[in-house]
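Structure file data_22.csv (CSV, C-alpha atoms) is printed below.
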chain,number,residue,atom,x,y,z
A,12,MET,CA,209.4,75.4,202.1
A,13,GLU,CA,209.0,71.8,203.0
A,14,SER,CA,205.4,70.5,203.0
A,15,GLN,CA,203.6,68.5,205.6
A,16,ALA,CA,203.8,64.8,205.1
A,17,HIS,CA,201.1,62.1,205.5
A,18,PRO,CA,201.9,59.0,207.7
A,19,HIS,CA,203.4,57.0,204.8
A,20,GLU,CA,205.0,59.9,203.1
A,21,SER,CA,208.3,61.9,203.5
A,22,ALA,CA,208.3,65.6,203.2
A,23,HIS,CA,208.3,66.8,199.6
A,24,PRO,CA,211.4,68.7,198.5
A,25,GLY,CA,211.4,72.5,198.0
A,26,ALA,CA,211.4,74.7,194.9
A,27,GLY,CA,215.2,74.7,194.7
A,28,THR,CA,215.3,70.9,194.2
A,29,TYR,CA,212.5,71.1,191.6
A,30,ILE,CA,214.4,73.8,189.6
A,31,ALA,CA,217.6,71.7,189.8
A,32,ILE,CA,215.7,68.7,188.4
A,33,ALA,CA,214.3,70.8,185.6
A,34,VAL,CA,217.8,72.0,184.7
A,35,VAL,CA,219.0,68.4,184.5
A,36,LEU,CA,216.0,67.4,182.4
A,37,SER,CA,216.7,70.3,180.0
A,38,ALA,CA,220.4,69.4,179.8
A,39,ILE,CA,219.6,65.8,179.0
A,40,THR,CA,217.2,66.9,176.3
A,41,ALA,CA,219.9,69.1,174.8
A,42,ILE,CA,222.3,66.2,174.8
A,43,GLU,CA,219.8,64.0,173.1
A,44,VAL,CA,219.1,66.5,170.4
A,45,THR,CA,222.8,67.2,169.9
A,46,ALA,CA,223.5,63.5,169.6
A,47,TYR,CA,220.9,63.3,166.9
A,48,TYR,CA,222.9,65.7,164.7
A,49,ILE,CA,226.2,63.7,165.1
A,50,THR,CA,225.7,61.7,161.9
A,51,GLY,CA,228.2,59.0,162.8
A,52,LEU,CA,226.6,58.4,166.1
A,53,ARG,CA,223.0,58.5,164.7
A,54,ASN,CA,223.8,55.8,162.3
A,55,SER,CA,225.5,53.6,164.8
A,56,ALA,CA,224.0,50.6,166.7
A,57,ILE,CA,224.5,52.3,170.1
A,58,PHE,CA,222.4,55.4,169.2
A,59,ALA,CA,219.0,53.9,170.1
A,60,PRO,CA,220.1,52.3,173.4
A,61,ILE,CA,221.8,55.6,174.5
A,62,LEU,CA,218.7,57.6,173.7
A,63,LEU,CA,216.5,55.1,175.4
A,64,ALA,CA,218.7,55.2,178.5
A,65,PHE,CA,218.5,59.1,178.5
A,66,SER,CA,214.7,58.8,178.1
A,67,ALA,CA,214.4,56.4,181.0
A,68,LEU,CA,216.5,58.7,183.2
A,69,LYS,CA,214.3,61.7,182.4
A,70,PHE,CA,211.2,59.5,183.0
A,71,GLY,CA,212.6,58.4,186.3
A,72,LEU,CA,213.5,61.9,187.5
A,73,VAL,CA,210.0,63.2,186.7
A,74,ALA,CA,208.3,60.2,188.4
A,75,MET,CA,210.5,60.3,191.5
A,76,PHE,CA,210.7,64.0,192.1
A,77,PHE,CA,207.9,65.8,190.3
A,78,MET,CA,205.4,63.0,191.0
A,79,HIS,CA,206.9,62.4,194.4
A,80,LEU,CA,207.2,58.6,194.1
A,81,LYS,CA,210.5,58.9,195.9
A,82,PHE,CA,208.8,60.4,198.9
A,83,ASP,CA,205.3,58.8,198.9
A,84,GLY,CA,203.9,55.4,199.9
A,85,ARG,CA,205.5,52.4,198.1
A,86,LEU,CA,202.1,51.1,197.1
A,87,PHE,CA,201.8,54.1,194.6
A,88,SER,CA,205.1,53.0,193.1
A,89,SER,CA,204.0,49.4,192.9
A,90,PHE,CA,200.9,50.2,191.0
A,91,PHE,CA,202.6,52.5,188.6
A,92,VAL,CA,205.6,50.2,188.0
A,93,GLY,CA,203.2,47.3,187.5
A,94,GLY,CA,201.3,49.2,184.8
A,95,LEU,CA,204.5,50.3,183.2
A,96,THR,CA,206.0,46.8,183.2
A,97,LEU,CA,202.8,45.4,181.6
A,98,GLY,CA,202.9,48.2,179.0
A,99,ALA,CA,206.6,47.5,178.2
A,100,ALA,CA,205.9,43.7,178.1
A,101,VAL,CA,203.1,44.3,175.5
A,102,LEU,CA,205.5,46.5,173.5
A,103,ILE,CA,208.4,43.9,173.5
A,104,ALA,CA,206.0,40.9,172.8
A,105,LEU,CA,204.2,42.6,169.9
A,106,MET,CA,207.5,43.8,168.3
A,107,ALA,CA,209.0,40.4,168.7
A,108,LEU,CA,205.9,38.8,167.1
A,109,THR,CA,206.0,41.1,164.2
A,110,ARG,CA,209.8,40.9,163.9
A,111,ALA,CA,210.2,44.6,164.4
A,112,LEU,CA,212.8,44.3,167.1
B,20,MET,CA,192.7,64.7,210.2
B,21,GLN,CA,193.4,68.4,210.1
B,22,HIS,CA,193.5,68.5,206.3
B,23,ALA,CA,190.1,66.9,205.9
B,24,ALA,CA,188.5,69.2,208.5
B,25,THR,CA,189.9,72.2,206.7
B,26,ALA,CA,188.7,70.9,203.4
B,27,GLY,CA,185.2,70.6,204.7
B,28,HIS,CA,184.8,66.9,203.9
B,29,ILE,CA,185.4,63.7,205.7
B,30,GLU,CA,188.5,61.7,204.8
B,31,LEU,CA,188.0,58.2,206.2
B,32,PRO,CA,191.1,56.2,207.4
B,33,THR,CA,192.1,53.5,205.0
B,34,THR,CA,193.6,50.1,205.6
B,35,THR,CA,196.6,51.1,203.5
B,36,GLY,CA,197.1,54.3,205.3
B,37,LEU,CA,197.2,56.0,201.9
B,38,ASN,CA,194.7,58.5,200.4
B,39,SER,CA,192.2,56.6,198.3
B,40,ARG,CA,191.8,59.4,195.7
B,41,LYS,CA,195.5,59.5,195.1
B,42,LEU,CA,195.7,55.7,194.9
B,43,LEU,CA,192.9,55.8,192.3
B,44,MET,CA,194.8,58.3,190.2
B,45,TRP,CA,197.9,56.1,190.3
B,46,LEU,CA,195.8,53.2,189.3
B,47,PHE,CA,194.4,55.2,186.4
B,48,LEU,CA,197.9,56.2,185.3
B,49,ALA,CA,199.0,52.6,185.5
B,50,SER,CA,196.1,51.7,183.2
B,51,ASP,CA,197.0,54.6,180.9
B,52,CYS,CA,200.5,53.0,180.5
B,53,LEU,CA,198.6,50.1,179.0
B,54,PHE,CA,196.8,52.5,176.7
B,55,PHE,CA,199.9,54.3,175.4
B,56,GLY,CA,202.1,51.1,175.3
B,57,PRO,CA,200.2,49.5,172.4
B,58,LEU,CA,199.9,52.8,170.6
B,59,ILE,CA,203.7,53.4,170.7
B,60,THR,CA,204.2,49.7,169.7
B,61,THR,CA,201.9,50.1,166.7
B,62,TYR,CA,203.8,53.1,165.6
B,63,LEU,CA,207.2,51.4,166.0
B,64,ILE,CA,206.0,48.3,164.0
B,65,TYR,CA,204.4,50.3,161.1
B,66,ARG,CA,206.6,53.4,160.7
B,67,GLY,CA,209.1,51.7,158.4
B,68,ARG,CA,206.7,49.5,156.5
B,69,SER,CA,204.7,52.0,154.4
B,70,PRO,CA,204.8,51.1,150.7
B,71,VAL,CA,204.4,54.8,149.9
B,72,GLY,CA,205.7,58.0,151.4
B,73,PRO,CA,206.1,60.4,153.0
B,74,TYR,CA,208.3,58.7,155.5
B,75,PRO,CA,209.3,59.9,159.0
B,76,HIS,CA,212.7,61.4,158.1
B,77,GLU,CA,211.1,63.4,155.3
B,78,VAL,CA,208.6,65.2,157.5
B,79,PHE,CA,210.0,65.5,161.1
B,80,ASP,CA,211.4,68.9,162.1
B,81,ILE,CA,213.6,68.0,165.1
B,82,PRO,CA,214.5,71.5,166.3
B,83,TYR,CA,210.8,72.5,166.3
B,84,THR,CA,209.8,69.3,168.2
B,85,SER,CA,212.7,69.8,170.6
B,86,VAL,CA,211.3,73.2,171.6
B,87,SER,CA,207.8,71.6,172.1
B,88,ALA,CA,209.5,68.9,174.3
B,89,PHE,CA,211.2,71.6,176.3
B,90,VAL,CA,207.9,73.6,176.7
B,91,LEU,CA,206.2,70.5,178.2
B,92,LEU,CA,209.2,69.8,180.5
B,93,MET,CA,208.9,73.4,181.8
B,94,SER,CA,205.2,73.0,182.3
B,95,SER,CA,205.9,70.1,184.6
B,96,LEU,CA,208.2,72.4,186.6
B,97,ALA,CA,205.5,75.0,186.8
B,98,MET,CA,203.0,72.4,187.9
B,99,VAL,CA,205.1,71.1,190.8
B,100,LEU,CA,205.8,74.7,191.8
B,101,ALA,CA,202.0,75.3,191.9
B,102,LEU,CA,201.6,72.4,194.2
B,103,ALA,CA,204.5,73.6,196.4
B,104,ALA,CA,202.8,77.0,196.6
B,105,ILE,CA,199.4,75.7,197.8
B,106,GLN,CA,201.0,73.3,200.2
B,107,ARG,CA,202.6,76.2,202.0
B,108,GLY,CA,199.3,78.2,201.8
B,109,ASP,CA,200.4,80.6,199.0
B,110,VAL,CA,197.2,80.9,197.0
B,111,ARG,CA,198.6,83.7,194.8
B,112,GLY,CA,201.6,81.6,193.9
B,113,LEU,CA,199.3,78.7,193.1
B,114,ARG,CA,197.3,80.8,190.7
B,115,ILE,CA,200.5,82.1,189.0
B,116,TRP,CA,202.0,78.7,188.5
B,117,LEU,CA,198.6,77.1,187.4
B,118,VAL,CA,198.2,79.7,184.7
B,119,ALA,CA,201.8,79.2,183.7
B,120,THR,CA,201.3,75.4,183.4
B,121,ALA,CA,198.1,75.8,181.5
B,122,GLY,CA,199.7,78.4,179.2
B,123,LEU,CA,202.7,76.2,178.5
B,124,GLY,CA,200.3,73.4,177.8
B,125,LEU,CA,198.4,75.6,175.3
B,126,VAL,CA,201.7,76.5,173.6
B,127,PHE,CA,202.5,72.8,173.2
B,128,LEU,CA,199.0,72.2,171.8
B,129,GLY,CA,199.4,75.1,169.4
B,130,GLY,CA,202.8,73.7,168.3
B,131,GLN,CA,201.2,70.3,167.7
B,132,PHE,CA,198.4,71.9,165.7
B,133,TYR,CA,200.9,73.7,163.5
B,134,GLU,CA,202.9,70.5,163.1
B,135,PHE,CA,199.9,68.5,162.1
B,136,ASN,CA,198.8,71.3,159.7
B,137,THR,CA,202.3,71.4,158.1
B,138,PHE,CA,202.4,67.6,157.7
B,139,PHE,CA,198.9,67.6,156.1
B,140,HIS,CA,199.1,70.6,153.8
B,141,HIS,CA,202.9,70.8,153.0
B,142,ASP,CA,204.0,67.2,153.2
B,143,GLY,CA,200.8,65.5,152.2
B,144,LEU,CA,200.8,63.2,155.2
B,145,SER,CA,197.3,62.4,156.5
B,146,LEU,CA,195.7,59.8,158.7
B,147,SER,CA,194.8,57.7,155.6
B,148,LYS,CA,197.9,58.4,153.5
B,149,ASN,CA,199.9,55.5,154.7
B,150,ILE,CA,200.4,53.3,157.8
B,151,PHE,CA,203.1,55.6,159.1
B,152,GLY,CA,200.6,58.5,159.0
B,153,SER,CA,197.8,56.5,160.6
B,154,SER,CA,200.0,55.2,163.5
B,155,PHE,CA,201.7,58.6,164.0
B,156,PHE,CA,198.5,60.7,164.1
B,157,VAL,CA,196.7,58.3,166.3
B,158,LEU,CA,199.5,58.2,168.9
B,159,THR,CA,200.3,61.9,169.0
B,160,GLY,CA,196.7,62.8,168.6
B,161,PHE,CA,195.7,60.8,171.7
B,162,HIS,CA,198.6,62.4,173.6
B,163,GLY,CA,197.3,65.8,172.5
B,164,ALA,CA,193.9,64.9,173.7
B,165,HIS,CA,195.4,64.1,177.1
B,166,VAL,CA,197.1,67.5,177.2
B,167,THR,CA,193.8,69.2,176.2
B,168,ILE,CA,192.0,67.5,179.1
B,169,GLY,CA,194.9,68.5,181.4
B,170,VAL,CA,194.7,72.1,180.4
B,171,ILE,CA,190.9,72.2,181.0
B,172,TRP,CA,191.5,70.6,184.4
B,173,LEU,CA,194.2,73.2,185.3
B,174,LEU,CA,192.0,76.1,184.2
B,175,SER,CA,189.1,74.7,186.3
B,176,LEU,CA,191.4,74.6,189.3
B,177,PHE,CA,192.4,78.1,188.6
B,178,ALA,CA,188.8,79.2,188.4
B,179,GLY,CA,188.2,77.3,191.7
B,180,SER,CA,191.0,79.2,193.3
B,181,LEU,CA,189.5,82.5,192.3
B,182,ARG,CA,186.3,81.5,194.0
B,183,GLY,CA,188.3,80.6,197.2
B,184,MET,CA,187.7,76.9,196.8
B,185,LEU,CA,191.4,75.9,196.9
B,186,HIS,CA,193.6,76.3,200.0
B,187,GLN,CA,196.3,74.6,201.9
B,188,GLY,CA,193.8,72.1,203.5
B,189,ASN,CA,192.7,70.6,200.1
B,190,SER,CA,196.0,70.8,198.2
B,191,LEU,CA,195.4,67.2,197.3
B,192,ASN,CA,193.1,68.4,194.5
B,193,VAL,CA,196.1,70.2,193.0
B,194,GLU,CA,198.4,67.2,193.7
B,195,ILE,CA,196.1,64.8,191.8
B,196,ALA,CA,195.8,67.1,188.8
B,197,GLY,CA,199.6,67.4,189.0
B,198,LEU,CA,200.1,63.6,188.8
B,199,TYR,CA,198.0,63.6,185.6
B,200,TRP,CA,200.0,66.5,184.1
B,201,HIS,CA,203.4,64.9,184.9
B,202,PHE,CA,202.2,61.6,183.4
B,203,VAL,CA,201.3,63.5,180.2
B,204,ASP,CA,204.9,64.9,180.3
B,205,VAL,CA,206.6,61.5,180.8
B,206,VAL,CA,204.6,60.0,177.9
B,207,TRP,CA,205.9,62.8,175.7
B,208,ILE,CA,209.5,62.1,177.0
B,209,VAL,CA,209.1,58.6,175.6
B,210,ILE,CA,207.3,59.7,172.4
B,211,PHE,CA,210.0,62.4,171.7
B,212,THR,CA,212.7,59.7,171.9
B,213,VAL,CA,211.2,56.7,170.1
B,214,VAL,CA,209.1,58.6,167.6
B,215,TYR,CA,211.2,61.6,166.6
B,216,LEU,CA,214.8,61.0,167.6
B,217,ILE,CA,215.4,57.3,166.9
B,218,PRO,CA,215.6,57.0,163.1
B,219,ALA,CA,213.0,54.8,161.5
B,220,PRO,CA,214.2,51.9,159.3
B,221,LEU,CA,214.1,52.8,155.6
B,222,PRO,CA,211.4,51.0,153.6
B,223,HIS,CA,212.4,48.0,151.6
Structure re-expressed in structure tokens:
Amino acid sequence: MESQAHPHESAHPGAGTYIAIAVVLSAITAIEVTAYYITGLRNSAIFAPILLAFSALKFGLVAMFFMHLKFDGRLFSSFFVGGLTLGAAVLIALMALTRAL
Amino acid sequence: MQHAATAGHIELPTTTGLNSRKLLMWLFLASDCLFFGPLITTYLIYRGRSPVGPYPHEVFDIPYTSVSAFVLLMSSLAMVLALAAIQRGDVRGLRIWLVATAGLGLVFLGGQFYEFNTFFHHDGLSLSKNIFGSSFFVLTGFHGAHVTIGVIWLLSLFAGSLRGMLHQGNSLNVEIAGLYWHFVDVVWIVIFTVVYLIPAPLPH
């Protein structure tokens, strides 16, 4: 089940790991949607940070396991995280400038 | 390299030791972060500032969009299973999972078309109705365009596999398409949270 690896890569996981990750992703999505319907929580100040944390966790799981960043060369991660950081910096700067934060 | 020989093309060694095509895809994805970042930002800035409705909480159907998000997550699973199949030389498995991935992508696109249609005809929200509509349709529309390109790419891989052009030796072709598809999925993970689930501020 394990695949062959390139010199800078570890072997990719098997189907069982992928299915387990998909189950976790689905569970997190279900928790997010359930949280949305808890009115007290939705109107509280911690709702957005909690959802953003869940979203970041899902993002990380897909990037690390489905996109194999956990197993591939670090340069791939560096490029992607670089672009991601720049994109996030643009988001924070523009929102701060327009007082939308 | 054995892979290159089997694929029928020369894969030159690189100073990084990493495959150049894969590195190029990661660079493209990094640049696409800079494409979606400002689009999401624009939406977040303008969504609560429309002087006229309809407003986000009046039009969004969270259960419906949750199913769409689930469909796209499952398409990512199907995509990575397609890659796992071709990496162990299972061309039949590759075909099944490629079709499943493209099919789930089409279901997502159909859902988005229905959502846009409902917003337009039922809720009166259009690209030019207010700044919420403009920023929402541009953001989700560009994401939909990315999904459409992904579906076409996957179907072309499927057609290539039927002609015997895909095998264990050139599984990188599937891996690169998979990177693009998973990126489309992670962008939707962010959009689903910040656009649909986190409530927009009410207009003043």
Need the shell around Phe89 in chain B: protein/DNA/RNA residues with any atom at most 9 Å away, counting only C-alpha atoms. Skip same-chain ones fewer than 3 positions apart. Format as a compact mmCIF listing (two decimals) with C-alpha atoms, keeping the file's coordinate frame?
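Dumped to part.txt:
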# COMPACT_ATOMS: atom_id res chain seq x y z
CA LEU A 36 216.00 67.40 182.40
CA SER A 37 216.70 70.30 180.00
CA THR A 40 217.20 66.90 176.30
CA THR B 84 209.80 69.30 168.20
CA SER B 85 212.70 69.80 170.60
CA VAL B 86 211.30 73.20 171.60
CA LEU B 92 209.20 69.80 180.50
CA MET B 93 208.90 73.40 181.80
CA SER B 94 205.20 73.00 182.30
Inset, instruction - For Ala74 in chain A, please output as number ranges by chain all residues within 10 Å (counting only C-alpha atoms; exclusion window: fewer than 4 positions along the same chain). - result: A: 68-70, 78-81, 88, 91; B: 198, 201-202, 204-205
Inset, instruction - Please report as a VMD selection string which residues of chain B come no farther than 7 Å from chain A, using all atoms listed in the file. - result: chain B and resid 36 to 37 42 45 to 46 48 to 50 52 to 53 56 to 57 60 64 89 96 99 to 100 106 to 107 198 201 205 208 to 209 212 216 to 217
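All residues of protein, DNA or RNA that reach within 6 Å of range 112-126 of chain B, judged by only C-alpha atoms and not counting those fewer than 6 positions away in the chain, are Ser94, Ala97, Met98, Ala101, Ala104, Ile105, Val170 and Phe177 of chain B.
For the pair CA of Ser145 in chain B and CA of Val203 in chain B, the interatomic distance is 24.1 Å.
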Inset, instruction - Skip Leu221 in chain B itself and residues of its chain fewer than 6 positions away, then list as number ranges by chain all residues within 9 Å of it, counting all atoms listed in the file. - result: B: 67-68, 74
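Across the model, the gap from CA of Ala219 in chain B to CA of Thr159 in chain B is 16.4 Å.
Residues surrounding Trp172 in chain B within 10 Å are Ala121, Val166, Thr167, Ile168, Leu176, Phe177, Ala178, Val193, Ala196, Gly197, Tyr199 and Trp200 of chain B [all atoms listed in the file; sequence separation below 4 positions excluded].
Note that CA of Phe155 in chain B and CA of Tyr62 in chain B are 6.1 Å apart.
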